[in-house]
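Okay, so here's the structure we're looking at.
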Number of protein chains: 2
Amino acid sequence: MNTQSAIHAKPTIINGLDVDAAVATIASIKADKSLGRFQFRARNTWIDGGVNRSVIRDFYGAGKEDTSRDTAFEFTNGEPPILLGNNEGANPVEFLLHALAGCVTTTLVLHAMARGIAIRELSTELAGDLDVQGLLGLDDSISPGYEQISIRMHVKADCSDEALDDLLAYAQRHSPVCNTVCRPVPVVIERAST
Amino acid sequence: MNTQSAIHAKPTIINGLDVDAAVATIASIKADKSLGRFQFRARNTWIDGGVNRSVIRDFYGAGKEDTSRDTAFEFTNGEPPILLGNNEGANPVEFLLHALAGCVTTTLVLHAMARGIAIRELSTELAGDLDVQGLLGLDDSISPGYEQISIRMHVKADCSDEALDDLLAYAQRHSPVCNTVCRPVPVVIERAST
């Protein structure tokens, strides 16, 4: 490929991801491991009852503060009537399922790209079981969190079932949200002095 | 209080929550522990690249399928340019922070109500650190998940600092999302046969 054709070459896209950009990112992190460090953030304000709102915009990653977002994302937590609310938004444990679904999906699509596997269709159904006796403090032997979360995945890809199962297992082991859920992650709460 | 005044009595509201409704819910669950069991759900569809969308509506709780939501909630995961996206939405690890912020907040407000403590203001700032070498599979010694999540809480309440710290510790121990993060929760992925 001469210089002229390189300039006009279209980027190679697999599963909607720019392969050259991904290769460049990985090369940068391999050359300077500190570029792999990210810090994500959210600010949340209580409104009333079970309603509160988060603002998400800035984060640190690849050695600098990100400035790519002109406007912030905003999300509202609410509760259904059975949990003393008026469905002002999905509730926090439902948002956690959304985060988990998205992370497993993106991790799978990313590593499929790395293996040259084209994903044609991908959808998931998540279900998480919990007992609100834990939340309410009625029984200390019951964890307030999810007991288990199941993900049923429908996926069509241009590879064998064996290659797909191997990819799926790899995605599960490398998904940030999946690992935050299935491993113990410390949560440190500090009360700011007023 | 005679019958007439009871009919016209306004509900007692603390922190935006109906105290009588909360007491009734707790009494029901104490009388029949199976009513404490909930199952929350999400359905997610991959769009392209790091973009996917969840639909959240139905759930099971208090002994039956909930039918209170006329319309479903929909949320879009995206990624910033540094992570090969175009900021189509917040990303999954950011949604997890939103879930965690909301859950700690609602759990605190709920148990403040149970203690008769009025919360006047409550906001949180969350930060979670992770190393994308884990996600990318560049170093198996690095967990892909958050290493730690810190929550800085600003709270004003009609109680002493000691009572507030006790309430805060109680809320942390009883928050469903906080326990899902700080304890290991199994995630089971099953591939549906096509």
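Chain labels follow the order of the structure tokens: the first chain is A, the next B, and so on; residue numbering restarts at 1 in every chain, and ligands are counted from 1 in their shown order.
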May I have the residues within 8 Å of B:Phe95 as a list in words, using only C-alpha atoms and disregarding those fewer than 5 positions away in the same chain? Phe95, Leu96, His98 and Ala99 of chain A; Ala90 of chain B
Show which residues sit within 6 Å of B:Ser150, as a list in words. Count only C-alpha atoms, and ignore same-chain residues fewer than 2 positions away.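 Near neighbours after the sequence-gap exclusion: Val187, Val188 and Ile189 of chain A; Leu126 and Ala127 of chain B.
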Go through B:Lys64, B:Lys10, B:His111, B:Arg152 one by one, measure the shortest atom-to-atom distance of each to chain A using only C-alpha atoms, and give the residue with the smallest value. B:Arg152
Pick out the residues sitting within 10 Å of stretch 159-173 of chain B, and hand them over as a count of residues only; count only C-alpha atoms, and ignore anything fewer than 5 positions along from it in its own chain. 33
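Minimum atom-to-atom distance to chain B, evaluated using only C-alpha atoms, belongs to A:Arg41 out of A:Lys156, A:Asp70, A:Arg41, A:Arg53.
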How would you write, as a VMD selection string, the set of residues in chain A that DSSP gives as helix (DSSP H, G or I)? chain A and resid 3 to 8 19 to 31 33 to 36 81 to 83 92 to 114 132 to 136 161 to 174 176 to 182
With only C-alpha atoms as the basis for distance, which of B:Ala62, B:Thr67, B:Gln39, B:Ser34 is at the shortest distance from chain A?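 Comparing B:Ala62, B:Thr67, B:Gln39, B:Ser34 against chain A, the winner is B:Gln39.
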So which residues touch A:Leu84 within 12 Å, counting only C-alpha atoms, skipping near sequence neighbours fewer than 2 positions away, as a ChimeraX atom specification? /A:48-51,78-82,86-88,91 /B:13-26,106,109-110
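Those residues that approach A:Thr124 to within 8 Å, counting only C-alpha atoms, are A:Ala101, A:Leu122, A:Leu126, A:Ile151, A:Arg152, A:Met153, A:His154, B:Arg43, B:Asn44, B:Thr45; same-chain residues fewer than 2 positions away are not listed.
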Distance criterion (only C-alpha atoms): nearest to chain B out of A:Asp32, A:Glu121, A:Glu65, A:Asp58: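 Counting only C-alpha atoms, the residue closest to chain B is A:Glu121.
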